[in-house]
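Below is coords28.txt, holding compact mmCIF, C-alpha atoms.
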```
# COMPACT_ATOMS: atom_id res chain seq x y z
CA MET A 1 17.25 -20.75 18.58
CA ILE A 2 13.48 -21.24 18.63
CA THR A 3 12.75 -24.85 17.69
CA SER A 4 9.03 -25.25 18.46
CA THR A 5 5.98 -23.97 16.61
CA GLY A 6 4.32 -23.84 20.02
CA ASN A 7 6.64 -21.02 21.12
CA GLN A 8 4.65 -17.92 22.11
CA LYS A 9 6.65 -15.66 19.80
CA VAL A 10 5.91 -17.94 16.87
CA LYS A 11 2.23 -18.10 17.75
CA ARG A 12 2.14 -14.30 17.81
CA LEU A 13 3.77 -14.10 14.36
CA VAL A 14 1.19 -16.47 12.93
CA ASN A 15 -1.58 -14.42 14.52
CA LEU A 16 -0.17 -11.21 13.02
CA LYS A 17 0.08 -12.93 9.66
CA LYS A 18 -3.52 -14.11 9.65
CA LYS A 19 -5.51 -11.49 11.51
CA ARG A 20 -6.03 -7.84 10.68
CA LYS A 21 -7.38 -7.20 14.17
CA ALA A 22 -4.13 -8.43 15.72
CA ARG A 23 -2.07 -6.21 13.43
CA ASP A 24 -4.20 -3.16 14.15
CA GLU A 25 -4.21 -3.73 17.91
CA GLU A 26 -0.40 -3.76 17.97
CA GLY A 27 -0.03 -1.18 15.21
CA VAL A 28 2.38 -3.41 13.27
CA PHE A 29 2.58 -5.55 10.14
CA LEU A 30 4.87 -8.28 8.80
CA VAL A 31 7.26 -8.14 5.86
CA GLU A 32 9.36 -10.91 4.37
CA GLY A 33 12.38 -11.05 2.11
CA ILE A 34 15.84 -9.54 2.05
CA ARG A 35 14.91 -6.59 -0.19
CA MET A 36 11.96 -5.58 1.97
CA PHE A 37 14.17 -6.00 5.05
CA ARG A 38 16.85 -3.69 3.67
CA GLU A 39 14.35 -0.94 2.81
CA ILE A 40 12.57 -0.70 6.17
CA PRO A 41 12.98 2.80 7.66
CA ALA A 42 15.02 2.50 10.85
CA GLY A 43 12.31 4.02 13.01
CA GLN A 44 9.71 1.50 11.89
CA LEU A 45 11.66 -1.74 12.34
CA ALA A 46 10.59 -3.47 15.54
CA GLU A 47 11.72 -7.12 15.36
CA VAL A 48 13.66 -9.42 13.03
CA TYR A 49 13.32 -13.20 12.70
CA VAL A 50 15.59 -15.30 10.50
CA SER A 51 15.69 -18.97 9.57
CA GLU A 52 18.67 -21.01 10.72
CA SER A 53 19.85 -21.74 7.17
CA PHE A 54 19.44 -18.12 6.04
CA TYR A 55 21.39 -16.78 8.99
CA SER A 56 24.23 -19.23 8.42
CA LYS A 57 24.68 -17.74 4.93
CA GLU A 58 23.65 -14.11 5.45
CA SER A 59 24.57 -13.26 9.03
CA SER A 60 26.92 -10.47 7.90
CA THR A 61 24.13 -8.91 5.81
CA VAL A 62 21.71 -9.04 8.73
CA ARG A 63 24.27 -7.48 11.09
CA HIS A 64 25.05 -4.75 8.55
CA VAL A 65 21.37 -3.79 8.16
CA LEU A 66 20.89 -3.78 11.93
CA GLU A 67 24.11 -1.86 12.62
CA GLY A 68 23.47 1.00 15.01
CA SER A 69 20.16 -0.39 16.24
CA ARG A 70 19.47 -2.31 19.42
CA ILE A 71 17.54 -5.00 17.60
CA GLN A 72 18.92 -8.51 17.76
CA PRO A 73 17.66 -11.11 15.27
CA GLU A 74 15.75 -14.11 16.60
CA ILE A 75 16.84 -17.35 14.93
CA LEU A 76 14.14 -19.88 14.06
CA ALA A 77 14.71 -23.50 13.08
CA ASP A 78 13.93 -23.86 9.37
CA GLN A 79 10.70 -25.80 9.89
CA VAL A 80 9.54 -23.25 12.47
CA TYR A 81 10.32 -20.37 10.12
CA ALA A 82 8.38 -22.10 7.32
CA TYR A 83 5.40 -22.41 9.69
CA ALA A 84 5.47 -18.68 10.49
CA SER A 85 6.08 -17.58 6.90
CA ASP A 86 3.30 -16.54 4.53
CA THR A 87 5.17 -17.55 1.36
CA LYS A 88 5.52 -20.91 -0.36
CA THR A 89 9.25 -20.40 -0.82
CA PRO A 90 10.40 -18.48 2.28
CA GLN A 91 13.42 -16.22 1.80
CA GLY A 92 14.52 -16.60 5.40
CA VAL A 93 13.99 -13.17 6.94
CA LEU A 94 10.74 -11.91 8.47
CA CYS A 95 10.27 -8.57 10.20
CA VAL A 96 7.72 -6.93 12.45
CA VAL A 97 7.29 -3.33 11.28
CA ARG A 98 5.48 -0.46 12.95
CA GLN A 99 2.58 1.03 11.02
CA GLU A 100 3.01 4.68 10.03
CA THR A 101 0.05 7.00 10.55
CA TYR A 102 -0.80 10.07 8.47
CA THR A 103 -3.42 12.79 8.65
CA LEU A 104 -5.69 13.67 5.74
CA ALA A 105 -3.69 16.85 5.19
CA GLN A 106 -0.42 14.90 5.04
CA ALA A 107 -1.84 12.47 2.51
CA ALA A 108 -3.19 15.34 0.41
CA GLY A 109 0.30 16.70 -0.11
CA GLY A 110 -0.07 20.47 -0.04
CA GLU A 111 0.24 22.76 -3.07
CA ARG A 112 1.32 19.98 -5.44
CA ALA A 113 -1.51 17.62 -4.49
CA HIS A 114 -1.69 14.56 -6.73
CA ILE A 115 -4.01 12.27 -4.82
CA LEU A 116 -5.54 8.84 -5.35
CA VAL A 117 -8.87 8.12 -3.65
CA LEU A 118 -9.87 4.45 -3.41
CA ASP A 119 -13.48 3.47 -2.78
CA ASN A 120 -14.02 -0.12 -1.58
CA LEU A 121 -11.04 -1.69 -3.38
CA GLN A 122 -11.07 -5.37 -2.38
CA ASP A 123 -8.25 -7.34 -3.97
CA PRO A 124 -5.00 -7.46 -1.91
CA GLY A 125 -2.79 -7.79 -4.97
CA ASN A 126 -4.55 -4.90 -6.69
CA MET A 127 -4.09 -2.72 -3.63
CA GLY A 128 -0.38 -3.47 -3.45
CA THR A 129 0.09 -2.78 -7.15
CA VAL A 130 -1.82 0.50 -6.81
CA ILE A 131 0.43 1.64 -3.93
CA ARG A 132 3.57 0.79 -5.89
CA THR A 133 2.24 2.46 -9.04
CA ALA A 134 1.24 5.56 -7.09
CA GLU A 135 4.76 6.03 -5.76
CA GLY A 136 6.19 5.66 -9.26
CA ALA A 137 3.80 8.28 -10.61
CA GLY A 138 4.61 10.82 -7.91
CA VAL A 139 1.32 10.60 -6.03
CA THR A 140 1.40 12.64 -2.82
CA GLY A 141 -0.89 10.31 -0.91
CA ILE A 142 -3.64 7.68 -1.04
CA ILE A 143 -6.98 8.13 0.71
CA MET A 144 -9.01 4.95 1.25
CA SER A 145 -12.55 4.20 2.38
CA SER A 146 -12.69 2.10 5.55
CA ASP A 147 -14.11 -0.87 3.62
CA CYS A 148 -11.05 -1.16 1.38
CA VAL A 149 -8.91 -4.27 1.79
CA ASP A 150 -6.33 -4.06 4.57
CA VAL A 151 -3.14 -2.50 3.19
CA TYR A 152 -1.17 -4.57 5.73
CA ASN A 153 -2.41 -7.88 4.38
CA PRO A 154 0.78 -9.91 3.67
CA LYS A 155 -0.14 -10.29 -0.02
CA THR A 156 -0.64 -6.54 -0.32
CA ILE A 157 2.67 -5.84 1.40
CA ARG A 158 4.52 -8.13 -1.02
CA SER A 159 2.87 -6.45 -4.00
CA THR A 160 3.97 -2.98 -2.89
CA MET A 161 7.66 -3.97 -3.26
CA GLY A 162 8.58 -1.51 -0.48
CA SER A 163 6.36 1.41 -1.53
CA VAL A 164 4.23 0.86 1.59
CA TYR A 165 7.11 2.37 3.61
CA ARG A 166 7.07 5.61 1.65
CA MET A 167 3.53 6.28 0.43
CA PRO A 168 1.33 8.33 2.81
CA LEU A 169 -1.84 6.30 3.41
CA TYR A 170 -4.98 7.59 5.07
CA ARG A 171 -8.01 5.40 5.82
CA THR A 172 -11.33 7.01 6.69
CA GLU A 173 -14.88 5.93 7.52
CA ASP A 174 -16.10 9.14 5.86
CA ILE A 175 -14.73 9.03 2.34
CA ALA A 176 -17.39 11.53 1.22
CA GLY A 177 -16.19 13.94 3.90
CA ALA A 178 -12.62 13.54 2.66
CA VAL A 179 -13.70 14.37 -0.90
CA ARG A 180 -15.56 17.46 0.37
CA TRP A 181 -12.43 18.48 2.30
CA MET A 182 -10.38 18.33 -0.90
CA LYS A 183 -12.92 20.25 -2.97
CA GLU A 184 -13.06 23.00 -0.35
CA ARG A 185 -9.30 23.42 -0.77
CA GLY A 186 -9.42 23.76 -4.54
CA ILE A 187 -8.33 20.20 -5.35
CA HIS A 188 -10.10 19.20 -8.56
CA THR A 189 -11.64 15.73 -8.29
CA TYR A 190 -11.87 13.38 -11.28
CA ALA A 191 -14.00 10.24 -11.24
CA ALA A 192 -12.93 7.39 -13.51
CA HIS A 193 -16.40 6.53 -14.80
CA LEU A 194 -18.04 4.76 -17.74
CA ASP A 195 -20.34 7.78 -18.14
CA GLY A 196 -17.39 10.09 -18.64
CA ILE A 197 -17.53 12.24 -21.77
CA LEU A 198 -14.03 13.69 -21.40
CA SER A 199 -11.19 11.36 -22.40
CA TYR A 200 -8.58 11.03 -19.65
CA ASP A 201 -5.86 12.59 -21.84
CA GLU A 202 -7.95 15.69 -22.60
CA ALA A 203 -8.11 16.97 -19.01
CA ASP A 204 -5.54 19.24 -17.34
CA TYR A 205 -3.93 17.65 -14.28
CA THR A 206 -1.19 20.20 -13.71
CA ASN A 207 -3.11 21.83 -10.85
CA PRO A 208 -3.91 20.08 -7.54
CA CYS A 209 -6.06 17.07 -8.39
CA ALA A 210 -7.45 13.79 -7.09
CA PHE A 211 -8.53 10.67 -8.96
CA LEU A 212 -11.44 8.62 -7.60
CA ILE A 213 -11.19 4.88 -8.31
CA GLY A 214 -13.88 2.40 -7.36
CA ASN A 215 -14.39 -1.26 -6.57
CA GLU A 216 -13.03 -3.82 -9.05
CA GLY A 217 -16.47 -5.19 -9.92
CA ASN A 218 -18.87 -2.33 -9.34
CA GLY A 219 -16.84 0.82 -9.82
CA LEU A 220 -17.39 3.93 -7.72
CA ARG A 221 -20.45 4.10 -5.51
CA GLU A 222 -22.98 6.49 -7.03
CA GLU A 223 -22.90 8.88 -4.08
CA ILE A 224 -19.10 9.17 -4.28
CA ALA A 225 -19.00 9.50 -8.07
CA ALA A 226 -21.64 12.24 -7.88
CA MET A 227 -19.28 14.38 -5.79
CA ALA A 228 -16.59 14.53 -8.49
CA ASP A 229 -15.96 17.78 -10.36
CA SER A 230 -15.42 15.88 -13.62
CA TYR A 231 -16.06 12.41 -15.05
CA ILE A 232 -13.27 11.04 -17.23
CA ARG A 233 -13.02 7.84 -19.21
CA ILE A 234 -10.31 5.72 -20.74
CA PRO A 235 -11.35 5.03 -24.36
CA MET A 236 -11.61 1.31 -25.15
CA GLU A 237 -11.31 -0.70 -28.34
CA GLY A 238 -13.06 -3.98 -29.05
CA GLN A 239 -15.66 -5.23 -26.57
CA VAL A 240 -13.75 -4.26 -23.42
CA GLU A 241 -15.81 -1.99 -21.16
CA SER A 242 -13.32 -1.20 -18.41
CA LEU A 243 -9.86 -1.93 -17.06
CA ASN A 244 -8.65 -3.56 -13.88
CA ALA A 245 -8.62 -0.96 -11.09
CA ALA A 246 -4.83 -1.07 -10.76
CA ILE A 247 -4.30 -0.67 -14.52
CA ALA A 248 -6.82 2.17 -14.74
CA SER A 249 -5.05 3.91 -11.85
CA ALA A 250 -1.71 3.55 -13.63
CA VAL A 251 -3.04 5.08 -16.86
CA LEU A 252 -4.50 8.11 -15.07
CA LEU A 253 -1.67 8.70 -12.60
CA PHE A 254 1.09 8.54 -15.19
CA GLU A 255 -0.80 10.88 -17.53
CA ALA A 256 -0.87 13.40 -14.69
CA ALA A 257 2.84 12.78 -14.07
CA ARG A 258 3.60 13.30 -17.78
CA GLN A 259 1.73 16.61 -17.85
CA ARG A 260 3.49 17.85 -14.74
CA ARG A 261 6.93 16.99 -16.13
CA GLN A 262 6.23 19.19 -19.13
CA GLN A 263 5.27 22.27 -17.09
```
Go through the file and emit its structure as structure tokens.
Amino acid sequence: MITSTGNQKVKRLVNLKKKRKARDEEGVFLVEGIRMFREIPAGQLAEVYVSESFYSKESSTVRHVLEGSRIQPEILADQVYAYASDTKTPQGVLCVVRQETYTLAQAAGGERAHILVLDNLQDPGNMGTVIRTAEGAGVTGIIMSSDCVDVYNPKTIRSTMGSVYRMPLYRTEDIAGAVRWMKERGIHTYAAHLDGILSYDEADYTNPCAFLIGNEGNGLREEIAAMADSYIRIPMEGQVESLNAAIASAVLLFEAARQRRQQ
């Protein structure tokens, strides 16, 4: 059992928790909690750390999940686990998971493309909610500008509720180039924009399509919005001008899902 916060393995976990650079250099991220542990694809699970008290109660569960793998759990004293954890009420199991990489074509999803394009999204919780929502709405992949918040931020990971394992994610420094790539392949691009004349529920999303969603405070950058084939809006009542980026994404993505179910 590891009993010191000065242990090199513990120091590395804390570094991975706090620093995006460390995560990217190793190509890994951290997840916590029994549900997230159970859902990790076998090929992505790299290491497992458990608190002493958790392992005393759930050792059979841990062994069952790890059955057939060569991974052995590392046991941490409770106070050491609490030090490494990113949550106020640690659940007792923390995993190092390998990042999955996708190409632009893989994220686009082929003939049934239903894509979400995120431009400079900054809130970790929003990003996690968007990823989870996208999976639920049948999105084929998410394309992100390089200045979006890190999807492997621990808060983002928690908010995805496991969808991060299954949703193809593609980050690019040339988001405009990615939009051009989609347009060249007949994928209709819709910008969620306050200047939109067409209501979101009046457009046809049954063909390959992509929704462009911008920054929480400023919306889409003008140069990205200008590339869209169509501007759409979500009609508002009262004095509300716009919705939270995650909520707006949910409205648009599930309308597309509804239309496709009725084909």
Work out how far atom CA of Ala210 of chain A is from atom CA of Asp147 of chain A, in Å to one decimal.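 Separation of atom CA of Asp147 of chain A and atom CA of Ala210 of chain A: 19.3 Å.
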Using only C-alpha atoms, which of the listed residues (A:Arg158, A:Lys11, A:Arg23, A:His188) sits closest to Val96 of chain A? A:Arg23
Return the single residue from A:Ile224, A:Val65, A:Ile187, A:Ile175 that is closest to Ile115 of chain A, with distances computed using all atoms listed in the file.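 With all atoms listed in the file as the atom set, the closest residue is A:Ile187.
The residue that comes closest to Leu220 of chain A, out of A:Glu237, A:Asp195, A:Asp119, A:Asp174 and on the basis of all atoms listed in the file, is A:Asp119.
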For segment 70-81 of chain A, please output as a compact mmCIF listing (two decimals) with C-alpha atoms, in the frame of the given file all residues within 8 Å (counting all atoms listed in the file; exclusion window: fewer than 6 positions along the same chain).
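Saved as selection07.txt:
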```txt
# COMPACT_ATOMS: atom_id res chain seq x y z
CA MET A 1 17.25 -20.75 18.58
CA ILE A 2 13.48 -21.24 18.63
CA THR A 3 12.75 -24.85 17.69
CA SER A 4 9.03 -25.25 18.46
CA THR A 5 5.98 -23.97 16.61
CA VAL A 10 5.91 -17.94 16.87
CA ALA A 46 10.59 -3.47 15.54
CA GLU A 47 11.72 -7.12 15.36
CA VAL A 48 13.66 -9.42 13.03
CA TYR A 49 13.32 -13.20 12.70
CA VAL A 50 15.59 -15.30 10.50
CA SER A 51 15.69 -18.97 9.57
CA GLU A 52 18.67 -21.01 10.72
CA SER A 53 19.85 -21.74 7.17
CA TYR A 55 21.39 -16.78 8.99
CA VAL A 62 21.71 -9.04 8.73
CA GLY A 92 14.52 -16.60 5.40
```
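When all atoms listed in the file are used to compute distances to Met236 of chain A, the closest of the residues A:Ser199, A:Thr101, A:Asn218, A:Gln263 turns out to be A:Ser199.
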Segment 25-35 of chain A surroundings by all atoms listed in the file, 7 Å radius, close-in-sequence under 4 positions cut, as a PyMOL selection string: chain A and resi 16-17+21+39+91-99+152+154+157
Expected answer as a ChimeraX atom specification: all residues with atoms within 9 Å of (-0.2, -0.3, -1.4), all atoms listed in the file: /A:124-134,142,151-152,156-157,159-164,167,169
Which residues, written as a short mmCIF file (atom, residue, chain, number, x, y, z; two decimals) with C-alpha atoms, in the coordinates of the input, have at least one atom at most 8 Å from segment 106-111 of chain A, with all atoms listed in the file counted and residues fewer than 3 positions away on the same chain left out?
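Output contents, as saved in out_27.cif:
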```cif
data_model
loop_
_atom_site.label_atom_id
_atom_site.label_comp_id
_atom_site.auth_asym_id
_atom_site.auth_seq_id
_atom_site.Cartn_x
_atom_site.Cartn_y
_atom_site.Cartn_z
CA TYR A 102 -0.80 10.07 8.47
CA THR A 103 -3.42 12.79 8.65
CA HIS A 114 -1.69 14.56 -6.73
CA ILE A 115 -4.01 12.27 -4.82
CA THR A 140 1.40 12.64 -2.82
CA GLY A 141 -0.89 10.31 -0.91
CA ILE A 142 -3.64 7.68 -1.04
CA ILE A 143 -6.98 8.13 0.71
CA PRO A 168 1.33 8.33 2.81
CA LEU A 169 -1.84 6.30 3.41
CA TYR A 170 -4.98 7.59 5.07
CA MET A 182 -10.38 18.33 -0.90
CA PRO A 208 -3.91 20.08 -7.54
#
```
Counting all atoms listed in the file, figure out which residue out of A:Val179, A:Leu104, A:Cys209, A:Ala137 gets nearest to Ser249 of chain A. A:Ala137
Kindly extract all protein, DNA and RNA residues lying within 10 Å of the coordinates (15.4, 0.6, 8.5) given in the file, considering all atoms listed in the file, and supply them as a ChimeraX atom specification. /A:36-46,65-67,69,97,165
Using Å and a single decimal, report how far atom CA of Glu100 of chain A sits from atom CA of Ala191 of chain A.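 Result for atom CA of Ala191 of chain A versus atom CA of Glu100 of chain A: 27.8 Å, one decimal.
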Interatomic distance (Å, one decimal) between atom CA of Ser242 of chain A and atom CA of Ala225 of chain A: 15.9 Å
Pull out segment 193-218 of chain A, keep N, CA, C and O atoms, and write it as a tab-separated table (two decimals), in the first residue's frame.
```tsv
chain	number	residue	atom	x	y	z
A	193	HIS	N	-27.15	31.13	-34.80
A	193	HIS	CA	-26.76	32.54	-34.86
A	193	HIS	C	-27.96	33.44	-34.59
A	193	HIS	O	-29.08	33.17	-35.05
A	194	LEU	N	-27.72	34.55	-33.87
A	194	LEU	CA	-28.79	35.48	-33.57
A	194	LEU	C	-29.36	36.14	-34.82
A	194	LEU	O	-30.49	36.62	-34.82
A	195	ASP	N	-28.57	36.17	-35.90
A	195	ASP	CA	-29.04	36.76	-37.16
A	195	ASP	C	-29.80	35.76	-38.03
A	195	ASP	O	-30.19	36.09	-39.16
A	196	GLY	N	-30.00	34.57	-37.52
A	196	GLY	CA	-30.71	33.57	-38.30
A	196	GLY	C	-32.16	33.96	-38.56
A	196	GLY	O	-32.85	34.46	-37.67
A	197	ILE	N	-32.60	33.78	-39.78
A	197	ILE	CA	-33.99	34.03	-40.15
A	197	ILE	C	-34.81	32.75	-40.04
A	197	ILE	O	-35.97	32.75	-39.63
A	198	LEU	N	-34.18	31.64	-40.37
A	198	LEU	CA	-34.86	30.34	-40.35
A	198	LEU	C	-34.89	29.79	-38.92
A	198	LEU	O	-33.86	29.69	-38.25
A	199	SER	N	-36.09	29.44	-38.44
A	199	SER	CA	-36.20	28.81	-37.13
A	199	SER	C	-35.60	27.40	-37.20
A	199	SER	O	-35.71	26.73	-38.23
A	200	TYR	N	-34.98	26.96	-36.12
A	200	TYR	CA	-34.27	25.68	-36.12
A	200	TYR	C	-35.17	24.51	-36.51
A	200	TYR	O	-34.69	23.51	-37.07
A	201	ASP	N	-36.47	24.59	-36.21
A	201	ASP	CA	-37.36	23.47	-36.51
A	201	ASP	C	-37.99	23.56	-37.90
A	201	ASP	O	-38.87	22.78	-38.25
A	202	GLU	N	-37.52	24.51	-38.71
A	202	GLU	CA	-38.02	24.64	-40.09
A	202	GLU	C	-37.03	24.08	-41.11
A	202	GLU	O	-37.35	23.95	-42.28
A	203	ALA	N	-35.82	23.78	-40.66
A	203	ALA	CA	-34.78	23.26	-41.57
A	203	ALA	C	-34.87	21.74	-41.65
A	203	ALA	O	-35.43	21.07	-40.77
A	204	ASP	N	-34.31	21.18	-42.71
A	204	ASP	CA	-34.29	19.73	-42.93
A	204	ASP	C	-32.91	19.19	-42.59
A	204	ASP	O	-31.92	19.53	-43.24
A	205	TYR	N	-32.85	18.34	-41.55
A	205	TYR	CA	-31.58	17.80	-41.09
A	205	TYR	C	-31.42	16.31	-41.41
A	205	TYR	O	-30.58	15.63	-40.83
A	206	THR	N	-32.26	15.82	-42.32
A	206	THR	CA	-32.22	14.39	-42.59
A	206	THR	C	-31.03	13.99	-43.48
A	206	THR	O	-30.66	12.82	-43.54
A	207	ASN	N	-30.46	14.96	-44.17
A	207	ASN	CA	-29.25	14.71	-44.96
A	207	ASN	C	-28.01	15.01	-44.12
A	207	ASN	O	-28.12	15.60	-43.04
A	208	PRO	N	-26.83	14.63	-44.58
A	208	PRO	CA	-25.61	14.91	-43.80
A	208	PRO	C	-25.54	16.38	-43.42
A	208	PRO	O	-25.69	17.28	-44.26
A	209	CYS	N	-25.31	16.64	-42.12
A	209	CYS	CA	-25.32	18.02	-41.65
A	209	CYS	C	-24.36	18.22	-40.49
A	209	CYS	O	-23.93	17.26	-39.84
A	210	ALA	N	-24.03	19.48	-40.25
A	210	ALA	CA	-23.15	19.85	-39.14
A	210	ALA	C	-23.69	21.13	-38.50
A	210	ALA	O	-24.12	22.05	-39.21
A	211	PHE	N	-23.68	21.17	-37.18
A	211	PHE	CA	-24.11	22.36	-36.45
A	211	PHE	C	-22.89	23.07	-35.87
A	211	PHE	O	-22.04	22.43	-35.22
A	212	LEU	N	-22.80	24.38	-36.10
A	212	LEU	CA	-21.68	25.17	-35.61
A	212	LEU	C	-22.13	25.93	-34.36
A	212	LEU	O	-23.06	26.74	-34.42
A	213	ILE	N	-21.46	25.67	-33.25
A	213	ILE	CA	-21.80	26.30	-31.97
A	213	ILE	C	-20.59	27.09	-31.47
A	213	ILE	O	-19.46	26.57	-31.47
A	214	GLY	N	-20.84	28.31	-31.01
A	214	GLY	CA	-19.74	29.18	-30.61
A	214	GLY	C	-19.53	29.31	-29.12
A	214	GLY	O	-20.18	28.65	-28.31
A	215	ASN	N	-18.62	30.19	-28.78
A	215	ASN	CA	-18.24	30.50	-27.40
A	215	ASN	C	-19.45	30.93	-26.56
A	215	ASN	O	-20.37	31.58	-27.06
A	216	GLU	N	-19.42	30.56	-25.27
A	216	GLU	CA	-20.54	30.84	-24.38
A	216	GLU	C	-20.91	32.32	-24.32
A	216	GLU	O	-22.09	32.68	-24.27
A	217	GLY	N	-19.90	33.19	-24.34
A	217	GLY	CA	-20.18	34.62	-24.20
A	217	GLY	C	-20.29	35.37	-25.51
A	217	GLY	O	-21.09	36.31	-25.63
A	218	ASN	N	-19.53	34.96	-26.51
A	218	ASN	CA	-19.44	35.72	-27.74
A	218	ASN	C	-20.04	35.05	-28.96
A	218	ASN	O	-20.10	35.65	-30.04
```
